[in-house]
Amino acid sequence: MLYAILAIALSWCIQLPAILLLGLDNSLTKAVFILVMWSPTFLALAFMTRSRAAREGVRWRLGKLGYLPIGIGVETMIAFAMLGILMLAGLATSGWFTFAASGVSVAGGPWVLGAGFQHWPLFLLNVGATAIIYSTIGLVATTGEEFAWRGFLQGHLEQHCGVVAAILWVALIWWAWHLPGLIAGYNFPETPLLGALVLFPLQMLGASLLFGWLTVRSGSFWSAALAHAAVNSIQQGVFDDLRLSGSALDGHLVRTALIFVVGAICWWRLRSPGGSSEVS
């Protein structure tokens with residue numbers, strides 16, 4: 001409880017002055033937000049330094065390596081499922097991609113195997129390679145959150161209330177930790193209150209169930225950190241590239257629904273017999 005309160009307070013004390021004094025669009029504010037991402041880990045390390053009990057059970061090792069790419073793959077599939085649904089519904093087009101039966105024309109973007117027309121095997125390889133590379137780079141930021149939330153806090157909560165309840169508590173704390181930026185419109189500039197109070201909590205719930213499941217099954221926070229980095233890189237990139245024909249809310253609703261569905265599947269897996277047993 002003390003850790004959660006201090007983590008939220010520290011985040012707010014850093015975010016609020018930057019938002020109020022500099023504004024969201026200031027480059028220094030964006031640098032401050034990266035610092036905020038590391039604040040829960042700095043706090044966790046302080047707890048671990050002072051308490052032997054706090055050091056016990058921290059999931060910092062690599063764990064089962066087979067789980068490392070799963071989160072990247074899931075978050076990348078969410079990105080393209082979102083794009084496909086919106087395009088088929090006539091609600092959006094893509095600035096980067098023109099799809100055809102034989103392949104995809106890539107007009108631009110950060111795709112590591114280049115642009116131009118690509119048959120489906122090359123395009124899928126391009127997407128996969130880009131997701132892996134940018135997710136790995138993104139660990140510079142997401143490690144600061146995931147070591148704290150999944151590596152440190154989730155395990156301690158599991159000892160008191162079980163795996164599923166621990167994941168739900170982390171989701172609630174994680175949402176509250178984000179609140180200043182959310183209300184200011186950082187993630188949902190068109191609908192900040194709806195985003196902060198409805199859409200983002202649902203996203204946090206779905207993401208926490210996925211990240212928590214990855215952590216339990218792999219015995220490590222690293223798979224969750226890679227999944228988080230995939231959200232911030234390839235998934236956010238595909239979302240930002242959308243050319244929406246109507247409100248931005250259409251994109252947010254589809255994205256939120258997909259994240260929530262993935263979380264529901266992880267909930268089912270965690271509650272199934274043996275689904276939440278920890279891998280040593």
# chains A, B, ... in the order shown; residues from 1 in each chain; ligands from 1
>>> residues_around(residues="stretch 23-32 of chain A", least_positions_apart="4", cutoff="9 Å", atoms="only C-alpha atoms", output="list in words")
Ile14, Gln15, Ala18, Ile19, Val36, Met37, Gly181, Ala184, Gly185 and Tyr186 of chain A
>>> select_by_dssp(residues="stretch 118-176 of chain A", states="alpha helix (DSSP H)", output="JSON, numbers by chain")
{"A": [120, 121, 122, 123, 124, 125, 126, 127, 128, 129, 130, 131, 132, 133, 134, 135, 136, 137, 138, 139, 140, 141, 142, 143, 144, 145, 146, 155, 156, 157, 158, 159, 160, 161, 163, 164, 165, 166, 167, 168, 169, 170, 171, 172, 173, 174, 175, 176]}
>>> residues_around(residues="A:Ala44", least_positions_apart="3", cutoff="9 Å", atoms="only C-alpha atoms", output="compact mmCIF listing (two decimals) with N, CA and C atoms, in the first residue's frame")
# COMPACT_ATOMS: atom_id res chain seq x y z
N TYR A 3 3.94 1.51 -1.04
CA TYR A 3 4.61 1.64 -2.33
C TYR A 3 3.67 2.24 -3.38
N ALA A 7 4.28 5.72 -5.28
CA ALA A 7 4.51 5.69 -6.73
C ALA A 7 3.56 6.64 -7.45
N SER A 39 10.26 6.37 -12.75
CA SER A 39 10.07 6.70 -11.34
C SER A 39 9.60 5.51 -10.49
N PRO A 40 8.69 4.63 -10.97
CA PRO A 40 8.30 3.51 -10.12
C PRO A 40 9.42 2.51 -9.88
N THR A 41 10.33 2.38 -10.85
CA THR A 41 11.47 1.48 -10.65
C THR A 41 12.47 2.07 -9.66
N PHE A 47 12.90 0.65 -2.05
CA PHE A 47 12.27 -0.32 -1.14
C PHE A 47 13.14 -1.57 -1.01
N MET A 48 13.68 -2.04 -2.13
CA MET A 48 14.50 -3.24 -2.11
C MET A 48 15.80 -3.03 -1.34
N THR A 49 16.33 -1.83 -1.41
CA THR A 49 17.56 -1.53 -0.68
C THR A 49 17.33 -1.56 0.83
N ALA A 54 11.34 -7.05 0.59
CA ALA A 54 11.00 -6.42 -0.69
C ALA A 54 11.82 -6.99 -1.84
N PHE A 147 9.60 -3.26 -14.77
CA PHE A 147 10.32 -3.82 -13.63
C PHE A 147 9.53 -3.56 -12.35
N ALA A 148 8.96 -2.36 -12.25
CA ALA A 148 8.23 -1.99 -11.04
C ALA A 148 6.87 -2.67 -10.97
N PHE A 152 8.21 -6.28 -9.76
CA PHE A 152 8.25 -6.04 -8.31
C PHE A 152 6.86 -6.13 -7.67
N LEU A 153 5.95 -5.25 -8.06
CA LEU A 153 4.69 -5.08 -7.33
C LEU A 153 3.75 -6.27 -7.50
>>> residues_around(residues="A:Gly219", least_positions_apart="4", cutoff="12 Å", atoms="only C-alpha atoms", output="PyMOL selection string")
chain A and resi 57-68+150-152+154-155+211-215+223-224+276-280
>>> atom_distance(atom1="atom CA of A:Leu113", atom2="atom CA of A:Ile133")
11.4 Å
>>> select_by_dssp(residues="stretch 11-199 of chain A", states="strand (DSSP E or B)", output="number ranges by chain")
A: 92-94, 97-99, 103-106, 116-119
>>> closest_residue(among="A:Ala129, A:Ala79, A:Ala171, A:Ile34", to="A:Ala207", atoms="only C-alpha atoms")
A:Ala171
>>> atom_distance(atom1="atom CA of A:Leu249", atom2="atom CA of A:Pro189")
10.2 Å
>>> closest_residue(among="A:Leu202, A:Leu124, A:Ala230, A:Leu193", to="A:Pro180", atoms="only C-alpha atoms")
A:Leu193
>>> residues_around(residues="stretch 93-105 of chain A", least_positions_apart="6", cutoff="7 Å", atoms="only C-alpha atoms", output="number ranges by chain")
A: 87, 116-120, 123, 241-244
>>> residues_around(residues="A:Asn232", least_positions_apart="4", cutoff="10 Å", atoms="only C-alpha atoms", output="list in words")
Glu75, Tyr134, Ser135, Gly138, Ala141, Thr142, Leu226, Ala227, His228, Gln236 and Gly237 of chain A
>>> write_last_selection(atoms="N, CA, C and O atoms", output="compact mmCIF listing (two decimals), in the first residue's frame")
# COMPACT_ATOMS: atom_id res chain seq x y z
N GLU A 75 0.69 -7.62 -29.68
CA GLU A 75 0.45 -6.18 -29.82
C GLU A 75 0.52 -5.76 -31.29
O GLU A 75 -0.21 -4.85 -31.71
N TYR A 134 12.12 -2.30 -33.02
CA TYR A 134 11.65 -1.12 -32.29
C TYR A 134 11.17 -1.46 -30.89
O TYR A 134 11.28 -0.63 -29.98
N SER A 135 10.67 -2.66 -30.69
CA SER A 135 10.29 -3.06 -29.33
C SER A 135 11.53 -3.22 -28.46
O SER A 135 11.52 -2.85 -27.27
N GLY A 138 12.65 0.14 -27.58
CA GLY A 138 11.70 0.72 -26.63
C GLY A 138 11.88 0.27 -25.20
O GLY A 138 11.33 0.88 -24.28
N ALA A 141 12.72 2.72 -22.33
CA ALA A 141 11.68 3.40 -21.56
C ALA A 141 10.81 2.43 -20.76
O ALA A 141 10.58 2.63 -19.57
N THR A 142 10.35 1.37 -21.41
CA THR A 142 9.34 0.53 -20.75
C THR A 142 9.90 -0.32 -19.62
O THR A 142 9.13 -0.73 -18.74
N LEU A 226 8.74 -6.01 -23.23
CA LEU A 226 8.76 -6.03 -24.69
C LEU A 226 7.37 -5.78 -25.27
O LEU A 226 7.21 -5.06 -26.26
N ALA A 227 6.34 -6.38 -24.66
CA ALA A 227 4.97 -6.15 -25.12
C ALA A 227 4.60 -4.67 -24.98
O ALA A 227 3.99 -4.08 -25.87
N HIS A 228 4.95 -4.09 -23.85
CA HIS A 228 4.69 -2.67 -23.61
C HIS A 228 5.41 -1.81 -24.65
O HIS A 228 4.85 -0.85 -25.19
N GLN A 236 1.34 2.02 -31.70
CA GLN A 236 1.04 3.45 -31.69
C GLN A 236 1.35 4.07 -33.05
O GLN A 236 0.64 4.97 -33.50
N GLY A 237 2.39 3.57 -33.73
CA GLY A 237 2.72 4.08 -35.05
C GLY A 237 1.61 3.82 -36.05
O GLY A 237 1.23 4.71 -36.82
>>> atom_distance(atom1="atom CA of A:Leu16", atom2="atom CA of A:Leu157")
28.1 Å
